[in-house]
Every structure is written in C-alpha cells, then in structure tokens.
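Following: one structure in structure tokens, then a few remarks.
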Protein chains: 2
Amino acid sequence: MGAAALLACDWGTTNLRAWTLDAEGKVLESRDFALGVSKLEPGEAAQRFETEVRPGLAAAGLPAILCGMVGSNLGWTTVPYVACPAGLDDIAGAMTRVTPSVRIVPGVRGPGLAGGGDVMRGEETQLIGWLAQNPERAQGRQVVCHPGTHAKWMVVEDGRLTHFVTAMTGELFAVLSRYSVLKSEARPNDAEAFAQGLAAAGDGDALAARLFTARARVVGGGKPAESTPSYLSGLLIGAEVASTPRLLGLADGEPVALLGDAGLCSLYGRAFAARGLAYQTFEGEAAATAGLFALHQRGAGS
Amino acid sequence: MGAAALLACDWGTTNLRAWTLDAEGKVLESRDFALGVSKLEPGEAAQRFETEVRPGLAAAGLPAILCGMVGSNLGWTTVPYVACPAGLDDIAGAMTRVTPSVRIVPGVRGPGLAGGGDVMRGEETQLIGWLAQNPERAQGRQVVCHPGTHAKWMVVEDGRLTHFVTAMTGELFAVLSRYSVLKSEARPNDAEAFAQGLAAAGDGDALAARLFTARARVVGGGKPAESTPSYLSGLLIGAEVASTPRLLGLADGEPVALLGDAGLCSLYGRAFAARGLAYQTFEGEAAATAGLFALHQRGAGS
C-alpha cells in the first residue's frame, strides 16, 4: 500500500465523504463529516476543510479534489457549470483551483427536458469514474441511471455526457413521508407493499392520482398504515422507471447501467425487473473515487 | 326571506363553514369557524358545535346537517362510507343521527384506480347539490372535476356517482412549496410562469422529472426564483388535467364540469383550455348548500 497521493472528497448537500488515495488511485482511508453545505454559513466551507477535514486525513499541502455541491453558491465558491457534451477532458479542464492544493470539480449543465436546461453537481464525477473503470463503455451510446434525492438519468455518447434528466423521486418520497397525508415513521422495509406500489405506478402517468392510492388502500382498503412508506417507495420508483426512459429515447432492450448506492440500486433493480428492462448495477462509491482520481490525473499541472 | 329552517355545515379538515337556510333552501346567513377537525381533540367536535357553532347562527333544536371530515375518525363520529353507485337516495338514507337534531352525511367509497379503492367525504354533497341545481344532468354520463387539496374526478351515470379518482395535486403543491428544493414564499400570481408550467407538464407522465424543471429553470436558466410557485402550480395542474381524464375514459370532446372554488376553477380552466378540453365551471359553495338542503329534504323523518 503506497503513501497518500490525493485527498478526494464528495461534498454534497447533507454530507461530506472524504478518502485518501495512493498514487494508483487505491483507497487508503475514508471518513464522513457532517458538513453538508446546507448546514454551512458563507465562507465556512474553506475554513472547516482546512481545520477539520484535512487534518483528520492528510498532510498539509497534499493535493485535494472536491466534487459536489461544494462548487455551488452554498459551498466554497461557485464553479461555473461545464456544458454538455462533457467528458473527462472537458470537466478536468474546467476545475477551479481555490487554494494552491485544492481544486473543485465543475458541475454539468445539459439541455434537459424540452430545452429547459438541467444541472448536476457530483454525479458527473461518478460517471467519469464509471467510464474509467469500464473503458469499453467509452464507445457508442450508454444510458446510466443514478438514483438519489435527485436521480439523474444520463446519456453518454462516445465517452461524453450529452444529455440528462433529473427526477425528484427521492425528495418526493422524503417530503410526502414527513409532511403529507401519507406521512409515517415506519421503515420502508415491507417487500410486498413495495411490489404493490411498483404495480400501482402503472405506466408512470397521473402520479398525483396514483399517489392517493397510498392513502385509499389504508383508509378504504384496510391495509396497515405501517406499510405506507414501502408502498410509496415502490410507487414513486416504479413511476420514475416506467416513464423516464421514454424521455431519453431508450430503445427496446437497450440496457441501463444502474450506478449508485447499493441499497437504492437494489430497489431500482426491482423496478427494472418488474418492467422487463435490462440493467446492470455498479457501485457508486468506487466510481466516485475513480472519478476524482481520474480528474486529478488528467488535470495535473493545470 | 323566510325563517331559518336548517343549519347546514361543510366541516372539513381545516375549516368549518356554516349556513342557515330557509324552507326553500335559500341562504340566510353564513359563517366560518376555525374548527377544522385536524385541530380538534377526540370528543371536541360535538361540544364545540353546540357551544360555538349553533349559538352563533341558529336556535337550539333547529335541524342541522353536517358533511365532510366531521364524519371521519378525526371528527364527531365515524359515519360508514356508502358504496358506489351512490345518488341522493343512497346518501340521504345512510346519514347518521348523532343528536335528536343533528345528522351527518356519509362519505362515499368507490372502486378507485385499478380496484384499489378510493374515498371522499364532503365532495359527494357538492355533487348532489350540483345535480339538484342542474336536473338535466341526472340523465346519462357526466364527468365532474372538483379541484382542491385532494382533487376529485367523478363519473356520474344517471344521477349516481359510479366511479371517482382522487389526485393529490393541491397537497403536492403545498408540501413542495414549503419543504422541498422548490420552496418559496412568493405568491403564485405570475400568469406567464403558470402558462410555462402548464406547457412543461407535457402529457402528464414522468412528473418527478418534470418537477425538477422548476428548479433547473432558475438555477441553470436564470428565471426569477419568485416565479417558481406559479410555474409549479401550472406544472402540477397541467399534469393532472393532461393525464387524469384518461383514467376515467374521457371521450374526445366529452365536456367536464368544473365544480368548486372560483379561483381554483379558474386555474384549472386555463389548463383545460390549453389542452383543448371542453369544460364548464360551476360554483362550489352554492352546490354545497344545495346538496345539504336536498339531503335534508330527502332524509326528512328518517
């Protein structure tokens, strides 16, 4: 195991995950910090990084690369978005150096739905890492789904991100589970209710109407209220998986790469399977460190 | 103007609206009380009715009819749902007498989406009143949309409610405007942004993805954040109007009766017009009093 060569961070809205990598990109150590940018005051990110994150993991002066919402107006500084099509060279070339040893990865802006634009910060780094890990994917067209609070559905052509669509599925689940008539503190771990929710999603249209079935099945149908979060999760993920591929022109039989958190990918995998869609799952954290390492290497000296 | 013959109340989750009606059903007086059942303790509804609502409007012993969530487990007592098909006779015959002078209107349970069931409490009374006001509508098939926190799309066959679907559009707007990345305190009064939201609703599929356009148009597209509530309102109402009629088998050119609050009906009317759907608007409050009066007359002596 080599010495630490890079301090790599995925610094998002709610959490900061940091790794030290050796000169081959292998993970030496990792740590989480409750420093999500939504909890920080203006100017606080730079200071907390140097006084808490770096001393916990790495020597002063070790090169660091940060991706995610840390590059937004809520974070360290606003790093301008790179426009699609965006590949490794485009993104590495647009990193912003905020101190002699710290660089921040730009987000990406795409045409979005109906030309209205769409944006990401952080997912582009996992995508770059996934392409580095799977070089055969850098040819032709790939469709990648990254589930999360704001799920990203990405189209890659010859190694460059050309187009993506964001679905607020995770956030819908969170706000409906906490604040709506569907609220519940039960854990979403009822596989049968999840499958019923998947089925109730239909072809993903009329979501506001389909959502009320989560209420009616309890009030009018006698189903246990504790099963509501599982049903709601199945309904929302099912509706996303049923309808979003059409927005990307997914062809019959065209496979989707499912890239992200293992637990979430497993739920999405059930939705793909229920609809007969071809998919393959990839680990998001490994892709994140591979992406930060690839950007570090490509951006060296800039 | 005659003497008061009936104390009529629409007693919902957030508000209680009471009217006195004369022997012809004409409104003599009306008053609102901040006694929505969501704010009441168990047993409180009966007591607050006799100590606050009745003394404010009517003599002791005047017959009273209450509809809405007051007939749920949160209200005065649980009045069992009447099953579809349900018309004036079915609903009047299933009212529950809770004191010698007070009766509560039952809600209605329907087959809902995909047989999962659906329920309403209160809207059935407006529907009954609308049919009483428009007796020519008691023949053949009618489709009625009642916008609200939980919008109801109702199918009436020969004067009886046979089927309905609930869309949580109003509640989605409320929770997303207050708790999500789309939150804003601006008023939704920007007609242009509303129209853009209507257009962005597409055919009502992929709602979780279309919702994120409300964020991307601000962050990536430079639109003013204050226009978000108007855009969001247009997007949600547009998606509902684009997709829910299919669930009811609305035929090409078949008109929809829009029944409810004038402001909401006006927003829905814009969504209908934008999609070339035929519609006619009817006043919800007048239908509510007509419904309570019709139920009082039909249920007299029971």
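Within each chain, counting starts at residue 1; across the structure tokens, chains are named A, B, ... in the order shown, with ligands numbered 1 upward in that order.
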Transformed chain A, reference chain B, in-order C-alpha pairing, as a CSV table (one decimal) with C-alpha atoms, in the first residue's frame:
```
chain,number,residue,atom,x,y,z
A,1,MET,CA,-86.9,36.0,3.3
A,2,GLY,CA,-88.2,33.1,5.4
A,3,ALA,CA,-87.2,32.0,8.8
A,4,ALA,CA,-84.2,29.6,9.3
A,5,ALA,CA,-85.2,26.0,8.6
A,6,LEU,CA,-81.8,24.3,8.5
A,7,LEU,CA,-78.3,24.8,9.9
A,8,ALA,CA,-76.0,23.4,7.1
A,9,CYS,CA,-72.3,22.8,7.6
A,10,ASP,CA,-69.4,21.8,5.5
A,11,TRP,CA,-67.0,20.7,8.2
A,12,GLY,CA,-63.6,19.8,6.7
A,13,THR,CA,-60.1,19.1,7.8
A,14,THR,CA,-59.0,22.8,8.1
A,15,ASN,CA,-62.2,24.8,8.3
A,16,LEU,CA,-65.9,24.7,9.1
A,17,ARG,CA,-68.3,26.7,7.0
A,18,ALA,CA,-71.9,27.0,8.3
A,19,TRP,CA,-75.0,28.5,6.7
A,20,THR,CA,-78.6,28.9,7.8
A,21,LEU,CA,-81.1,28.1,5.0
A,22,ASP,CA,-84.8,28.9,4.8
A,23,ALA,CA,-87.5,26.5,4.0
A,24,GLU,CA,-86.8,26.9,0.3
A,25,GLY,CA,-83.1,26.3,0.7
A,26,LYS,CA,-82.1,29.9,0.3
A,27,VAL,CA,-79.0,31.0,2.2
A,28,LEU,CA,-79.9,33.4,5.1
A,29,GLU,CA,-76.5,33.8,6.7
A,30,SER,CA,-73.0,32.1,6.6
A,31,ARG,CA,-70.0,32.0,8.9
A,32,ASP,CA,-66.6,30.3,9.0
A,33,PHE,CA,-65.2,28.7,12.1
A,34,ALA,CA,-61.5,27.8,12.6
A,35,LEU,CA,-62.6,24.4,13.8
A,36,GLY,CA,-61.2,22.1,11.1
A,37,VAL,CA,-61.2,18.5,12.5
A,38,SER,CA,-57.4,18.3,12.3
A,39,LYS,CA,-57.3,20.8,15.1
A,40,LEU,CA,-59.8,19.0,17.4
A,41,GLU,CA,-59.3,16.5,20.2
A,42,PRO,CA,-61.4,13.4,20.3
A,43,GLY,CA,-64.9,14.3,21.5
A,44,GLU,CA,-64.4,18.0,20.9
A,45,ALA,CA,-66.4,18.3,17.7
A,46,ALA,CA,-69.8,17.7,19.4
A,47,GLN,CA,-69.1,20.1,22.2
A,48,ARG,CA,-67.7,22.9,20.0
A,49,PHE,CA,-70.7,22.5,17.7
A,50,GLU,CA,-73.2,23.0,20.5
A,51,THR,CA,-71.3,25.8,22.3
A,52,GLU,CA,-69.9,27.8,19.4
A,53,VAL,CA,-71.4,26.9,16.0
A,54,ARG,CA,-75.1,26.6,16.8
A,55,PRO,CA,-75.4,29.5,19.2
A,56,GLY,CA,-73.7,31.7,16.6
A,57,LEU,CA,-76.3,31.0,13.9
A,58,ALA,CA,-79.4,29.2,15.0
A,59,ALA,CA,-81.8,28.3,17.7
A,60,ALA,CA,-81.4,25.2,19.8
A,61,GLY,CA,-83.2,22.3,18.2
A,62,LEU,CA,-83.1,23.6,14.6
A,63,PRO,CA,-82.3,20.7,12.4
A,64,ALA,CA,-78.6,20.5,11.3
A,65,ILE,CA,-76.9,18.6,8.6
A,66,LEU,CA,-73.1,18.3,8.5
A,67,CYS,CA,-70.9,16.9,5.7
A,68,GLY,CA,-67.2,16.4,5.3
A,69,MET,CA,-64.4,15.1,7.5
A,70,VAL,CA,-66.6,15.6,10.6
A,71,GLY,CA,-67.9,12.1,9.7
A,72,SER,CA,-64.4,10.6,10.0
A,73,ASN,CA,-62.5,9.2,12.9
A,74,LEU,CA,-61.0,12.7,13.4
A,75,GLY,CA,-64.4,14.3,13.6
A,76,TRP,CA,-67.6,13.8,15.6
A,77,THR,CA,-68.1,10.1,14.9
A,78,THR,CA,-67.2,7.7,12.1
A,79,VAL,CA,-70.1,7.5,9.6
A,80,PRO,CA,-69.6,4.5,7.4
A,81,TYR,CA,-68.9,5.2,3.7
A,82,VAL,CA,-71.7,4.5,1.2
A,83,ALA,CA,-70.5,2.4,-1.7
A,84,CYS,CA,-70.7,3.5,-5.4
A,85,PRO,CA,-73.1,3.8,-7.2
A,86,ALA,CA,-74.4,6.5,-4.9
A,87,GLY,CA,-77.1,9.0,-5.6
A,88,LEU,CA,-79.2,11.3,-3.5
A,89,ASP,CA,-81.4,8.5,-2.1
A,90,ASP,CA,-78.4,6.3,-1.2
A,91,ILE,CA,-76.6,9.1,0.6
A,92,ALA,CA,-79.6,10.5,2.3
A,93,GLY,CA,-80.6,7.1,3.5
A,94,ALA,CA,-77.2,6.5,5.1
A,95,MET,CA,-76.9,9.7,7.2
A,96,THR,CA,-76.2,9.1,10.8
A,97,ARG,CA,-78.1,11.0,13.5
A,98,VAL,CA,-75.8,12.0,16.3
A,99,THR,CA,-78.2,14.0,18.4
A,100,PRO,CA,-82.0,14.5,18.0
A,101,SER,CA,-81.4,17.5,15.7
A,102,VAL,CA,-78.0,16.7,14.1
A,103,ARG,CA,-77.3,14.4,11.2
A,104,ILE,CA,-74.0,13.7,9.5
A,105,VAL,CA,-73.7,12.9,5.8
A,106,PRO,CA,-71.7,9.7,4.9
A,107,GLY,CA,-68.7,9.8,2.6
A,108,VAL,CA,-68.6,7.6,-0.5
A,109,ARG,CA,-66.2,4.7,-1.3
A,110,GLY,CA,-65.6,3.9,-4.9
A,111,PRO,CA,-63.6,1.3,-6.9
A,112,GLY,CA,-60.8,3.8,-7.4
A,113,LEU,CA,-57.7,3.2,-9.6
A,114,ALA,CA,-57.1,-0.4,-10.5
A,115,GLY,CA,-59.6,-1.6,-8.0
A,116,GLY,CA,-57.6,-0.3,-5.1
A,117,GLY,CA,-60.5,1.7,-3.7
A,118,ASP,CA,-60.9,5.5,-3.2
A,119,VAL,CA,-62.8,7.6,-0.7
A,120,MET,CA,-64.3,11.0,-0.3
A,121,ARG,CA,-66.0,13.0,2.4
A,122,GLY,CA,-67.7,16.2,1.5
A,123,GLU,CA,-67.4,16.3,-2.3
A,124,GLU,CA,-70.4,14.0,-2.6
A,125,THR,CA,-72.6,16.7,-1.1
A,126,GLN,CA,-71.5,19.3,-3.7
A,127,LEU,CA,-72.1,16.7,-6.4
A,128,ILE,CA,-75.6,16.0,-5.1
A,129,GLY,CA,-76.3,19.8,-4.9
A,130,TRP,CA,-74.9,20.3,-8.5
A,131,LEU,CA,-77.3,17.6,-9.7
A,132,ALA,CA,-80.2,19.2,-7.8
A,133,GLN,CA,-79.3,22.6,-9.4
A,134,ASN,CA,-78.9,21.0,-12.9
A,135,PRO,CA,-81.6,18.3,-13.1
A,136,GLU,CA,-80.9,17.8,-16.8
A,137,ARG,CA,-77.5,16.4,-15.7
A,138,ALA,CA,-79.2,13.5,-14.0
A,139,GLN,CA,-79.5,11.7,-17.3
A,140,GLY,CA,-76.7,9.8,-19.0
A,141,ARG,CA,-73.0,10.2,-18.2
A,142,GLN,CA,-71.4,13.3,-16.6
A,143,VAL,CA,-67.7,13.9,-15.7
A,144,VAL,CA,-67.1,16.3,-12.9
A,145,CYS,CA,-63.8,17.6,-11.6
A,146,HIS,CA,-63.6,19.1,-8.1
A,147,PRO,CA,-60.2,20.8,-7.6
A,148,GLY,CA,-58.7,21.1,-4.1
A,149,THR,CA,-56.1,19.7,-1.8
A,150,HIS,CA,-57.3,16.3,-2.9
A,151,ALA,CA,-59.0,16.9,-6.3
A,152,LYS,CA,-61.8,14.5,-7.1
A,153,TRP,CA,-62.6,13.4,-10.7
A,154,MET,CA,-66.1,11.9,-10.6
A,155,VAL,CA,-68.1,9.9,-13.1
A,156,VAL,CA,-71.9,10.2,-12.7
A,157,GLU,CA,-74.3,7.8,-14.6
A,158,ASP,CA,-78.0,8.6,-14.5
A,159,GLY,CA,-77.7,10.7,-11.4
A,160,ARG,CA,-75.5,8.3,-9.3
A,161,LEU,CA,-71.8,8.6,-8.7
A,162,THR,CA,-70.3,5.4,-10.1
A,163,HIS,CA,-66.6,5.9,-10.0
A,164,PHE,CA,-64.0,8.5,-8.9
A,165,VAL,CA,-60.3,9.2,-8.7
A,166,THR,CA,-58.5,11.4,-6.3
A,167,ALA,CA,-55.5,13.5,-7.3
A,168,MET,CA,-53.2,14.9,-4.5
A,169,THR,CA,-52.3,17.9,-6.6
A,170,GLY,CA,-53.1,20.6,-4.0
A,171,GLU,CA,-51.3,18.7,-1.3
A,172,LEU,CA,-48.3,18.2,-3.6
A,173,PHE,CA,-48.2,21.9,-4.3
A,174,ALA,CA,-48.4,22.7,-0.6
A,175,VAL,CA,-45.6,20.3,0.6
A,176,LEU,CA,-43.3,21.1,-2.3
A,177,SER,CA,-43.8,24.8,-1.8
A,178,ARG,CA,-43.0,24.6,1.9
A,179,TYR,CA,-40.5,21.8,2.4
A,180,SER,CA,-38.7,20.9,-0.9
A,181,VAL,CA,-35.9,22.5,-3.0
A,182,LEU,CA,-38.8,24.3,-4.7
A,183,LYS,CA,-39.8,26.1,-1.6
A,184,SER,CA,-40.8,29.7,-1.9
A,185,GLU,CA,-42.9,32.2,0.0
A,186,ALA,CA,-43.8,34.1,-3.2
A,187,ARG,CA,-47.5,34.2,-4.2
A,188,PRO,CA,-48.4,32.1,-7.3
A,189,ASN,CA,-49.7,35.1,-9.3
A,190,ASP,CA,-47.4,35.1,-12.3
A,191,ALA,CA,-49.6,34.2,-15.2
A,192,GLU,CA,-46.8,33.7,-17.7
A,193,ALA,CA,-44.9,31.4,-15.4
A,194,PHE,CA,-48.1,29.5,-14.8
A,195,ALA,CA,-48.5,29.1,-18.5
A,196,GLN,CA,-44.9,27.9,-18.8
A,197,GLY,CA,-45.6,25.3,-16.1
A,198,LEU,CA,-48.7,24.1,-18.0
A,199,ALA,CA,-46.6,23.6,-21.1
A,200,ALA,CA,-43.9,21.8,-19.2
A,201,ALA,CA,-46.4,19.3,-17.9
A,202,GLY,CA,-46.3,17.6,-21.3
A,203,ASP,CA,-48.8,14.7,-21.3
A,204,GLY,CA,-48.6,14.3,-17.5
A,205,ASP,CA,-46.1,11.5,-17.4
A,206,ALA,CA,-42.7,11.5,-15.6
A,207,LEU,CA,-43.9,14.0,-13.1
A,208,ALA,CA,-40.8,13.6,-10.8
A,209,ALA,CA,-38.6,14.6,-13.7
A,210,ARG,CA,-40.8,17.4,-14.9
A,211,LEU,CA,-40.9,18.8,-11.4
A,212,PHE,CA,-37.1,19.3,-11.4
A,213,THR,CA,-37.5,21.7,-14.4
A,214,ALA,CA,-39.0,24.1,-11.8
A,215,ARG,CA,-35.6,24.1,-10.1
A,216,ALA,CA,-33.4,23.9,-13.3
A,217,ARG,CA,-35.1,26.9,-14.9
A,218,VAL,CA,-34.0,29.0,-12.0
A,219,VAL,CA,-30.5,27.6,-11.2
A,220,GLY,CA,-29.5,26.9,-14.8
A,221,GLY,CA,-31.8,29.1,-16.8
A,222,GLY,CA,-31.8,32.4,-14.9
A,223,LYS,CA,-35.6,32.6,-14.3
A,224,PRO,CA,-36.6,34.5,-11.2
A,225,ALA,CA,-37.0,32.4,-8.1
A,226,GLU,CA,-40.3,34.3,-7.2
A,227,SER,CA,-41.9,32.7,-10.3
A,228,THR,CA,-41.4,29.2,-9.0
A,229,PRO,CA,-44.8,28.8,-7.2
A,230,SER,CA,-46.7,29.9,-10.3
A,231,TYR,CA,-44.7,27.6,-12.5
A,232,LEU,CA,-45.1,24.8,-10.0
A,233,SER,CA,-48.9,25.4,-9.9
A,234,GLY,CA,-49.1,25.3,-13.7
A,235,LEU,CA,-47.0,22.2,-13.9
A,236,LEU,CA,-49.0,20.2,-11.3
A,237,ILE,CA,-52.4,21.3,-12.5
A,238,GLY,CA,-51.3,20.8,-16.1
A,239,ALA,CA,-50.1,17.2,-15.4
A,240,GLU,CA,-53.3,16.4,-13.6
A,241,VAL,CA,-55.5,17.7,-16.4
A,242,ALA,CA,-53.4,16.0,-19.0
A,243,SER,CA,-53.4,12.6,-17.5
A,244,THR,CA,-56.4,12.0,-15.2
A,245,PRO,CA,-59.1,12.1,-17.8
A,246,ARG,CA,-57.6,9.0,-19.4
A,247,LEU,CA,-58.1,7.2,-16.2
A,248,LEU,CA,-61.9,7.9,-16.5
A,249,GLY,CA,-62.1,7.1,-20.1
A,250,LEU,CA,-63.0,10.6,-21.1
A,251,ALA,CA,-64.0,10.6,-24.7
A,252,ASP,CA,-62.8,13.1,-27.3
A,253,GLY,CA,-64.9,16.2,-27.0
A,254,GLU,CA,-66.7,15.0,-23.9
A,255,PRO,CA,-67.1,18.0,-21.6
A,256,VAL,CA,-66.0,18.2,-18.0
A,257,ALA,CA,-68.0,20.1,-15.3
A,258,LEU,CA,-65.6,22.0,-13.2
A,259,LEU,CA,-67.1,22.4,-9.7
A,260,GLY,CA,-65.5,24.2,-6.8
A,261,ASP,CA,-63.8,27.3,-5.6
A,262,ALA,CA,-63.9,30.0,-8.2
A,263,GLY,CA,-60.2,30.8,-8.0
A,264,LEU,CA,-59.1,27.2,-8.3
A,265,CYS,CA,-61.6,26.6,-11.1
A,266,SER,CA,-60.2,29.5,-13.0
A,267,LEU,CA,-56.7,27.9,-12.8
A,268,TYR,CA,-58.0,24.5,-13.9
A,269,GLY,CA,-60.0,26.2,-16.7
A,270,ARG,CA,-56.7,27.6,-18.1
A,271,ALA,CA,-55.3,24.0,-18.1
A,272,PHE,CA,-58.4,22.7,-19.8
A,273,ALA,CA,-58.3,25.4,-22.4
A,274,ALA,CA,-54.6,24.9,-23.0
A,275,ARG,CA,-55.3,21.3,-23.9
A,276,GLY,CA,-58.4,22.0,-25.9
A,277,LEU,CA,-60.7,20.2,-23.5
A,278,ALA,CA,-64.3,21.2,-23.2
A,279,TYR,CA,-65.4,22.4,-19.8
A,280,GLN,CA,-68.0,24.5,-17.9
A,281,THR,CA,-67.5,26.0,-14.5
A,282,PHE,CA,-69.9,25.8,-11.5
A,283,GLU,CA,-69.8,27.4,-8.1
A,284,GLY,CA,-68.9,25.0,-5.4
A,285,GLU,CA,-70.3,26.8,-2.4
A,286,ALA,CA,-73.8,27.1,-4.0
A,287,ALA,CA,-73.6,23.4,-4.8
A,288,ALA,CA,-72.7,22.6,-1.2
A,289,THR,CA,-75.7,24.4,0.3
A,290,ALA,CA,-78.0,22.9,-2.4
A,291,GLY,CA,-76.6,19.5,-1.5
A,292,LEU,CA,-77.1,19.8,2.2
A,293,PHE,CA,-80.6,21.1,1.6
A,294,ALA,CA,-81.5,18.3,-0.8
A,295,LEU,CA,-80.2,15.7,1.7
A,296,HIS,CA,-82.2,17.3,4.5
A,297,GLN,CA,-85.4,17.2,2.4
A,298,ARG,CA,-84.9,13.7,1.2
A,299,GLY,CA,-83.8,12.4,4.6
A,300,ALA,CA,-86.7,14.1,6.5
A,301,GLY,CA,-88.2,11.9,9.0
A,302,SER,CA,-85.5,9.2,8.9
```
**Q.** Residue set, segment 60-172 of chain B restricted to helix (DSSP H, G or I), as a PyMOL selection string
**A.** chain B and resi 69-71+88-93+113-115+123-133+135-138+169-172
Since we have the selection now, will you write its residues out, keeping N, CA and C atoms, as a short mmCIF file (atom, residue, chain, number, x, y, z; two decimals), in the first residue's frame?
```cif
data_model
loop_
_atom_site.label_atom_id
_atom_site.label_comp_id
_atom_site.auth_asym_id
_atom_site.auth_seq_id
_atom_site.Cartn_x
_atom_site.Cartn_y
_atom_site.Cartn_z
N MET B 69 -65.25 15.92 6.68
CA MET B 69 -64.41 15.08 7.54
C MET B 69 -64.93 14.98 8.96
N VAL B 70 -65.97 15.77 9.30
CA VAL B 70 -66.61 15.61 10.60
C VAL B 70 -67.18 14.20 10.75
N GLY B 71 -67.39 13.52 9.63
CA GLY B 71 -67.88 12.14 9.68
C GLY B 71 -66.77 11.09 9.68
N LEU B 88 -78.61 10.56 -4.58
CA LEU B 88 -79.26 11.28 -3.48
C LEU B 88 -79.91 10.32 -2.48
N ASP B 89 -80.67 9.35 -2.98
CA ASP B 89 -81.37 8.44 -2.08
C ASP B 89 -80.40 7.60 -1.25
N ASP B 90 -79.35 7.10 -1.91
CA ASP B 90 -78.38 6.26 -1.20
C ASP B 90 -77.70 7.04 -0.08
N ILE B 91 -77.31 8.25 -0.39
CA ILE B 91 -76.56 9.05 0.59
C ILE B 91 -77.48 9.55 1.70
N ALA B 92 -78.67 10.05 1.32
CA ALA B 92 -79.61 10.53 2.34
C ALA B 92 -80.01 9.40 3.29
N GLY B 93 -80.16 8.20 2.72
CA GLY B 93 -80.58 7.07 3.54
C GLY B 93 -79.51 6.56 4.48
N LEU B 113 -58.65 3.55 -8.52
CA LEU B 113 -57.71 3.18 -9.58
C LEU B 113 -57.37 1.71 -9.44
N ALA B 114 -57.51 0.97 -10.52
CA ALA B 114 -57.07 -0.43 -10.54
C ALA B 114 -57.67 -1.22 -9.38
N GLY B 115 -58.90 -0.86 -9.01
CA GLY B 115 -59.58 -1.63 -7.97
C GLY B 115 -59.05 -1.42 -6.57
N GLU B 123 -67.19 16.04 -0.83
CA GLU B 123 -67.40 16.34 -2.25
C GLU B 123 -68.70 15.73 -2.76
N GLU B 124 -69.11 14.59 -2.16
CA GLU B 124 -70.37 13.97 -2.60
C GLU B 124 -71.55 14.92 -2.40
N THR B 125 -71.44 15.77 -1.36
CA THR B 125 -72.55 16.69 -1.07
C THR B 125 -72.62 17.79 -2.12
N GLN B 126 -71.44 18.29 -2.55
CA GLN B 126 -71.44 19.28 -3.64
C GLN B 126 -71.98 18.65 -4.92
N LEU B 127 -71.62 17.39 -5.15
CA LEU B 127 -72.10 16.72 -6.37
C LEU B 127 -73.61 16.59 -6.35
N ILE B 128 -74.16 16.18 -5.20
CA ILE B 128 -75.61 16.04 -5.05
C ILE B 128 -76.30 17.39 -5.27
N GLY B 129 -75.71 18.44 -4.73
CA GLY B 129 -76.28 19.78 -4.90
C GLY B 129 -76.22 20.23 -6.35
N TRP B 130 -75.11 19.93 -7.01
CA TRP B 130 -74.95 20.30 -8.43
C TRP B 130 -76.00 19.59 -9.29
N LEU B 131 -76.25 18.32 -8.97
CA LEU B 131 -77.29 17.57 -9.70
C LEU B 131 -78.67 18.16 -9.41
N ALA B 132 -78.90 18.60 -8.16
CA ALA B 132 -80.19 19.21 -7.82
C ALA B 132 -80.37 20.53 -8.56
N GLN B 133 -79.26 21.27 -8.71
CA GLN B 133 -79.33 22.57 -9.41
C GLN B 133 -79.45 22.41 -10.92
N PRO B 135 -80.93 19.65 -13.02
CA PRO B 135 -81.61 18.35 -13.11
C PRO B 135 -81.41 17.66 -14.47
N GLU B 136 -81.13 18.44 -15.51
CA GLU B 136 -80.89 17.80 -16.83
C GLU B 136 -79.63 16.95 -16.82
N ARG B 137 -78.76 17.17 -15.81
CA ARG B 137 -77.51 16.38 -15.71
C ARG B 137 -77.75 15.00 -15.09
N ALA B 138 -78.96 14.77 -14.61
CA ALA B 138 -79.23 13.48 -13.96
C ALA B 138 -79.47 12.37 -14.97
N THR B 169 -53.00 16.76 -6.05
CA THR B 169 -52.32 17.90 -6.65
C THR B 169 -52.14 19.06 -5.67
N GLY B 170 -53.20 19.44 -4.98
CA GLY B 170 -53.10 20.57 -4.07
C GLY B 170 -52.14 20.29 -2.93
N GLU B 171 -52.15 19.07 -2.43
CA GLU B 171 -51.23 18.73 -1.35
C GLU B 171 -49.79 18.68 -1.86
N LEU B 172 -49.57 18.16 -3.07
CA LEU B 172 -48.22 18.18 -3.64
C LEU B 172 -47.72 19.62 -3.74
#
```
Q) Could you pull out all residues of segment 177-280 of chain B with a DSSP call of strand (DSSP E) and give them as a list in words? A)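 Selecting the strand (DSSP E) positions of segment 177-280 of chain B gives Val256, Ala257, Leu258, Leu259, Gly260, Tyr279 and Gln280 of chain B.
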